[in-house]
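Worksheet: one structure, shown below.
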Amino acid sequence: MLNLPNSITLVRLLMVAIFTAALAAGGPESAQGIEQLTPGCWFCPLSAAACVALWAFIIGAVSDFFDGHFARKYGLVTNLGKLLDPLADKILVCAAFVYLSTVGLCPFWITIIIIFREFLVTGLRQLAALQGQAMAADRMGKWKTGMQLGFCIACMVYLAYGANLPQPLRFLSVGEGGEWCRGLFLWSSLVLTLWSGVHYCLGGRHLLK
């Protein structure tokens, strides 16, 4: 049933397509040298493709809150939504991490761990569904997603705008401040990814018996 929450989820899938198409069309091939570029006009993107990808990612990330909120508030939870919502989230985050690894902003081994965790939890949920049970997302998983989205957005801001951010916000993108901000999100998301993955495995170990 294509209700409001499911329509928002489909918009998120569209944002995934725009995100990947923009980067494929002309995103930065490497993050090296961005801080050496001469700042231009205030808030002018260094890369138009990275700018489109950034805002597509932000819209996709924000829409994740609204579809779940409306589904719970108005009792519009459907099987289609249960399928598409986590699928859209995983595709968006995994696509971003793969790209950020190719430009050198995220180690490949971290991306592999994140993708492996998503496949593992998805498999456990499918096993639970086949046995008539449900594995709901816990608070730890929500924090994990928040840290991952924060890291991806911080990196995309860096690639899209660099030092062209207004002065009060520039520390979020370039220099030691930017590295600290991205590092905080990255390592927090890694710890929470491992922690929540172990938590799901322990909680679902009875499904394998």
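Numbering starts fresh at 1 for the residues of each chain in the structure tokens, the chains themselves are lettered A, B, ... in the order given, and ligands are numbered from 1 as they appear.
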
Need the shell around stretch 166-175 of chain A: protein/DNA/RNA residues with any atom at most 9 Å away, counting only C-alpha atoms. Skip same-chain ones fewer than 5 positions apart. Format as a ChimeraX atom specification? /A:34-35,42-43,154-155,157-159,161,180-182

Next, dump the selected residues to file, keeping only C-alpha atoms, as a PDB file, in the first residue's frame.
ATOM      1  CA  ILE A  34      41.091  20.264  -1.087  1.00  0.00           C
ATOM      2  CA  GLU A  35      42.484  22.344   1.764  1.00  0.00           C
ATOM      3  CA  TRP A  42      30.967  32.373   0.428  1.00  0.00           C
ATOM      4  CA  PHE A  43      29.254  28.989   0.383  1.00  0.00           C
ATOM      5  CA  ALA A 154      30.702  15.907   7.408  1.00  0.00           C
ATOM      6  CA  CYS A 155      32.773  14.279   4.658  1.00  0.00           C
ATOM      7  CA  VAL A 157      30.494  18.988   3.235  1.00  0.00           C
ATOM      8  CA  TYR A 158      34.291  18.795   3.101  1.00  0.00           C
ATOM      9  CA  LEU A 159      34.254  17.540  -0.492  1.00  0.00           C
ATOM     10  CA  TYR A 161      32.574  23.203   0.041  1.00  0.00           C
ATOM     11  CA  TRP A 180      38.656  15.997  14.543  1.00  0.00           C
ATOM     12  CA  CYS A 181      34.959  16.265  13.661  1.00  0.00           C
ATOM     13  CA  ARG A 182      35.106  13.568  10.976  1.00  0.00           C
TER      14      ARG A 182
END

Who sits within 12 Å of A:Val93, only C-alpha atoms, same chain under 3 positions skipped, as a VMD selection string: chain A and resid 12 to 13 15 to 16 19 to 20 57 to 58 60 to 61 64 86 to 90 96 to 100 111 114 to 115 118 144 to 153 189

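Between atom CA of A:Leu23 and atom CA of A:Ala160 the interatomic distance comes to 10.9 Å.
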
Between A:Leu14, A:Gly27, A:Met156, A:Gln126, which is the closest to A:Ile59 once you count only C-alpha atoms? A:Leu14

Pick out the closest residue to A:His69 from this set: A:Arg139, A:Leu105, A:Thr122, A:Ile8. Count only C-alpha atoms.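 Closest to A:His69 of all the choices is A:Ile8.
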
Separation of atom CA of A:Phe185 from atom CA of A:Gly104 in Å: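 If I compute the distance from atom CA of A:Gly104 to atom CA of A:Phe185, I get 15.8 Å.
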
Among stretch 60-173 of chain A, which residues does DSSP mark as alpha helix (DSSP H) when it is run on the backbone? Keep the chain and numbering as in the structure and answer as a short mmCIF file (atom, residue, chain, number, x, y, z; two decimals) with N, CA and C atoms, in the first residue's frame.
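Final file, selection15.cif:
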data_model
loop_
_atom_site.label_atom_id
_atom_site.label_comp_id
_atom_site.auth_asym_id
_atom_site.auth_seq_id
_atom_site.Cartn_x
_atom_site.Cartn_y
_atom_site.Cartn_z
N GLY A 60 17.72 12.52 2.01
CA GLY A 60 17.47 11.11 2.27
C GLY A 60 17.58 10.77 3.75
N ALA A 61 18.59 11.35 4.44
CA ALA A 61 18.77 11.06 5.86
C ALA A 61 17.63 11.63 6.69
N VAL A 62 17.19 12.86 6.38
CA VAL A 62 16.11 13.49 7.14
C VAL A 62 14.79 12.75 6.91
N SER A 63 14.58 12.27 5.69
CA SER A 63 13.32 11.58 5.39
C SER A 63 13.17 10.31 6.20
N ASP A 64 14.28 9.74 6.66
CA ASP A 64 14.21 8.51 7.47
C ASP A 64 13.45 8.75 8.75
N PHE A 65 13.59 9.95 9.31
CA PHE A 65 12.85 10.26 10.55
C PHE A 65 11.36 10.40 10.27
N PHE A 66 11.02 11.07 9.19
CA PHE A 66 9.62 11.40 8.95
C PHE A 66 8.78 10.18 8.58
N ASP A 67 9.33 9.26 7.77
CA ASP A 67 8.49 8.12 7.41
C ASP A 67 8.19 7.25 8.62
N GLY A 68 9.18 7.03 9.48
CA GLY A 68 8.93 6.26 10.70
C GLY A 68 7.98 6.97 11.65
N HIS A 69 8.13 8.29 11.75
CA HIS A 69 7.27 9.07 12.65
C HIS A 69 5.82 9.00 12.21
N PHE A 70 5.57 9.22 10.92
CA PHE A 70 4.19 9.19 10.43
C PHE A 70 3.59 7.79 10.49
N ALA A 71 4.43 6.77 10.22
CA ALA A 71 3.93 5.40 10.25
C ALA A 71 3.45 5.02 11.65
N ARG A 72 4.23 5.41 12.67
CA ARG A 72 3.85 5.07 14.05
C ARG A 72 2.70 5.96 14.55
N LYS A 73 2.74 7.23 14.21
CA LYS A 73 1.75 8.17 14.73
C LYS A 73 0.35 7.88 14.19
N ASN A 79 3.62 -3.99 5.42
CA ASN A 79 4.70 -4.92 5.09
C ASN A 79 5.65 -4.30 4.06
N LEU A 80 5.08 -3.52 3.13
CA LEU A 80 5.94 -2.85 2.14
C LEU A 80 6.89 -1.88 2.82
N GLY A 81 6.38 -1.15 3.80
CA GLY A 81 7.22 -0.22 4.53
C GLY A 81 8.30 -0.93 5.33
N LYS A 82 7.94 -2.06 5.94
CA LYS A 82 8.92 -2.83 6.70
C LYS A 82 10.04 -3.34 5.81
N LEU A 83 9.73 -3.58 4.53
CA LEU A 83 10.74 -4.04 3.59
C LEU A 83 11.58 -2.90 3.06
N LEU A 84 10.92 -1.82 2.61
CA LEU A 84 11.62 -0.75 1.92
C LEU A 84 12.40 0.17 2.85
N ASP A 85 11.86 0.43 4.05
CA ASP A 85 12.49 1.40 4.95
C ASP A 85 13.93 1.02 5.32
N PRO A 86 14.15 -0.17 5.90
CA PRO A 86 15.54 -0.53 6.22
C PRO A 86 16.41 -0.71 4.98
N LEU A 87 15.79 -1.16 3.88
CA LEU A 87 16.55 -1.34 2.65
C LEU A 87 17.07 0.00 2.14
N ALA A 88 16.22 1.03 2.16
CA ALA A 88 16.63 2.35 1.70
C ALA A 88 17.74 2.91 2.58
N ASP A 89 17.62 2.72 3.89
CA ASP A 89 18.64 3.19 4.82
C ASP A 89 20.00 2.56 4.53
N LYS A 90 19.98 1.26 4.37
CA LYS A 90 21.23 0.53 4.16
C LYS A 90 21.89 0.90 2.84
N ILE A 91 21.09 1.03 1.78
CA ILE A 91 21.66 1.39 0.48
C ILE A 91 22.29 2.77 0.55
N LEU A 92 21.60 3.73 1.18
CA LEU A 92 22.11 5.09 1.27
C LEU A 92 23.43 5.14 2.03
N VAL A 93 23.48 4.52 3.20
CA VAL A 93 24.69 4.56 4.02
C VAL A 93 25.82 3.79 3.38
N CYS A 94 25.54 2.60 2.87
CA CYS A 94 26.60 1.78 2.27
C CYS A 94 27.17 2.43 1.01
N ALA A 95 26.30 3.05 0.20
CA ALA A 95 26.78 3.73 -0.99
C ALA A 95 27.71 4.87 -0.62
N ALA A 96 27.35 5.62 0.42
CA ALA A 96 28.19 6.74 0.85
C ALA A 96 29.53 6.25 1.38
N PHE A 97 29.54 5.19 2.19
CA PHE A 97 30.80 4.70 2.75
C PHE A 97 31.71 4.14 1.66
N VAL A 98 31.14 3.46 0.69
CA VAL A 98 31.96 2.94 -0.42
C VAL A 98 32.62 4.09 -1.16
N TYR A 99 31.84 5.13 -1.45
CA TYR A 99 32.41 6.28 -2.16
C TYR A 99 33.48 6.97 -1.33
N LEU A 100 33.22 7.19 -0.04
CA LEU A 100 34.19 7.88 0.81
C LEU A 100 35.47 7.08 0.96
N SER A 101 35.39 5.76 0.85
CA SER A 101 36.59 4.95 0.87
C SER A 101 37.40 5.13 -0.42
N THR A 102 36.71 5.28 -1.54
CA THR A 102 37.41 5.44 -2.82
C THR A 102 38.16 6.77 -2.90
N PHE A 108 39.06 1.33 3.97
CA PHE A 108 38.21 0.30 3.37
C PHE A 108 37.77 -0.73 4.39
N TRP A 109 38.63 -1.05 5.36
CA TRP A 109 38.27 -2.10 6.31
C TRP A 109 37.10 -1.69 7.19
N ILE A 110 36.98 -0.38 7.46
CA ILE A 110 35.82 0.09 8.22
C ILE A 110 34.55 -0.04 7.39
N THR A 111 34.64 0.31 6.12
CA THR A 111 33.48 0.17 5.22
C THR A 111 33.04 -1.29 5.13
N ILE A 112 34.00 -2.20 5.05
CA ILE A 112 33.68 -3.62 4.97
C ILE A 112 32.98 -4.08 6.25
N ILE A 113 33.45 -3.64 7.41
CA ILE A 113 32.81 -4.01 8.68
C ILE A 113 31.38 -3.50 8.73
N ILE A 114 31.18 -2.26 8.30
CA ILE A 114 29.84 -1.66 8.34
C ILE A 114 28.89 -2.42 7.43
N ILE A 115 29.33 -2.73 6.20
CA ILE A 115 28.48 -3.45 5.26
C ILE A 115 28.21 -4.87 5.77
N PHE A 116 29.24 -5.52 6.31
CA PHE A 116 29.06 -6.88 6.85
C PHE A 116 28.04 -6.88 7.97
N ARG A 117 28.10 -5.89 8.86
CA ARG A 117 27.15 -5.82 9.97
C ARG A 117 25.72 -5.66 9.45
N GLU A 118 25.55 -4.84 8.42
CA GLU A 118 24.20 -4.62 7.89
C GLU A 118 23.64 -5.91 7.29
N PHE A 119 24.46 -6.66 6.54
CA PHE A 119 24.01 -7.93 5.97
C PHE A 119 23.70 -8.94 7.07
N LEU A 120 24.54 -8.96 8.11
CA LEU A 120 24.36 -9.91 9.20
C LEU A 120 23.04 -9.66 9.93
N VAL A 121 22.78 -8.40 10.28
CA VAL A 121 21.56 -8.08 11.00
C VAL A 121 20.33 -8.32 10.13
N THR A 122 20.44 -7.99 8.85
CA THR A 122 19.33 -8.25 7.93
C THR A 122 19.02 -9.74 7.86
N GLY A 123 20.06 -10.57 7.82
CA GLY A 123 19.87 -12.02 7.79
C GLY A 123 19.20 -12.52 9.05
N LEU A 124 19.62 -11.99 10.21
CA LEU A 124 19.00 -12.40 11.48
C LEU A 124 17.53 -12.00 11.53
N ARG A 125 17.23 -10.83 11.01
CA ARG A 125 15.83 -10.38 11.00
C ARG A 125 14.98 -11.25 10.08
N GLN A 126 15.55 -11.68 8.97
CA GLN A 126 14.82 -12.56 8.07
C GLN A 126 14.56 -13.91 8.73
N LEU A 127 15.56 -14.43 9.44
CA LEU A 127 15.36 -15.68 10.18
C LEU A 127 14.27 -15.53 11.22
N ALA A 128 14.28 -14.39 11.93
CA ALA A 128 13.26 -14.15 12.94
C ALA A 128 11.87 -14.08 12.31
N ALA A 129 11.78 -13.41 11.16
CA ALA A 129 10.48 -13.29 10.49
C ALA A 129 9.97 -14.66 10.05
N LEU A 130 10.86 -15.53 9.57
CA LEU A 130 10.44 -16.86 9.15
C LEU A 130 9.93 -17.69 10.31
N ARG A 139 17.95 1.11 20.67
CA ARG A 139 18.49 2.47 20.80
C ARG A 139 19.95 2.53 20.32
N MET A 140 20.69 1.46 20.58
CA MET A 140 22.09 1.43 20.17
C MET A 140 22.21 1.52 18.65
N GLY A 141 21.32 0.79 17.96
CA GLY A 141 21.33 0.84 16.52
C GLY A 141 21.00 2.21 15.98
N LYS A 142 20.11 2.93 16.67
CA LYS A 142 19.75 4.28 16.25
C LYS A 142 20.92 5.24 16.42
N TRP A 143 21.66 5.09 17.51
CA TRP A 143 22.85 5.91 17.70
C TRP A 143 23.91 5.59 16.64
N LYS A 144 24.03 4.32 16.34
CA LYS A 144 24.97 3.90 15.29
C LYS A 144 24.64 4.58 13.96
N THR A 145 23.37 4.55 13.60
CA THR A 145 22.95 5.18 12.35
C THR A 145 23.20 6.68 12.38
N GLY A 146 22.94 7.31 13.53
CA GLY A 146 23.18 8.74 13.66
C GLY A 146 24.64 9.11 13.46
N MET A 147 25.55 8.32 14.05
CA MET A 147 26.97 8.59 13.90
C MET A 147 27.43 8.37 12.44
N GLN A 148 26.90 7.34 11.81
CA GLN A 148 27.25 7.07 10.41
C GLN A 148 26.78 8.20 9.51
N LEU A 149 25.55 8.66 9.71
CA LEU A 149 25.04 9.75 8.91
C LEU A 149 25.83 11.03 9.16
N GLY A 150 26.19 11.28 10.42
CA GLY A 150 26.99 12.46 10.75
C GLY A 150 28.34 12.43 10.05
N PHE A 151 28.99 11.26 10.03
CA PHE A 151 30.29 11.14 9.35
C PHE A 151 30.15 11.39 7.86
N CYS A 152 29.14 10.78 7.25
CA CYS A 152 28.96 10.93 5.80
C CYS A 152 28.67 12.38 5.43
N ILE A 153 27.83 13.04 6.21
CA ILE A 153 27.50 14.44 5.92
C ILE A 153 28.73 15.33 6.10
N ALA A 154 29.50 15.11 7.18
CA ALA A 154 30.70 15.91 7.41
C ALA A 154 31.69 15.74 6.25
N CYS A 155 31.85 14.53 5.78
CA CYS A 155 32.77 14.28 4.66
C CYS A 155 32.27 14.92 3.37
N MET A 156 30.96 14.83 3.12
CA MET A 156 30.41 15.41 1.90
C MET A 156 30.48 16.94 1.93
N VAL A 157 30.31 17.54 3.11
CA VAL A 157 30.49 18.99 3.24
C VAL A 157 31.93 19.36 2.89
N TYR A 158 32.87 18.57 3.38
CA TYR A 158 34.29 18.79 3.10
C TYR A 158 34.57 18.71 1.60
N LEU A 159 34.01 17.71 0.94
CA LEU A 159 34.25 17.54 -0.49
C LEU A 159 33.54 18.59 -1.33
N ALA A 160 32.37 19.02 -0.86
CA ALA A 160 31.58 19.95 -1.66
C ALA A 160 32.00 21.40 -1.48
N TYR A 161 32.35 21.79 -0.23
CA TYR A 161 32.57 23.20 0.04
C TYR A 161 33.99 23.53 0.50
#

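For the pair atom CA of A:Tyr200 and atom CA of A:Leu184, the separation is 23.9 Å.
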
Counting only C-alpha atoms, the option among A:Leu207, A:Leu165, A:Ala50, A:Ser30 closest to A:Gly132: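 Looking at the shortest contact to A:Gly132, the residue is A:Leu207.
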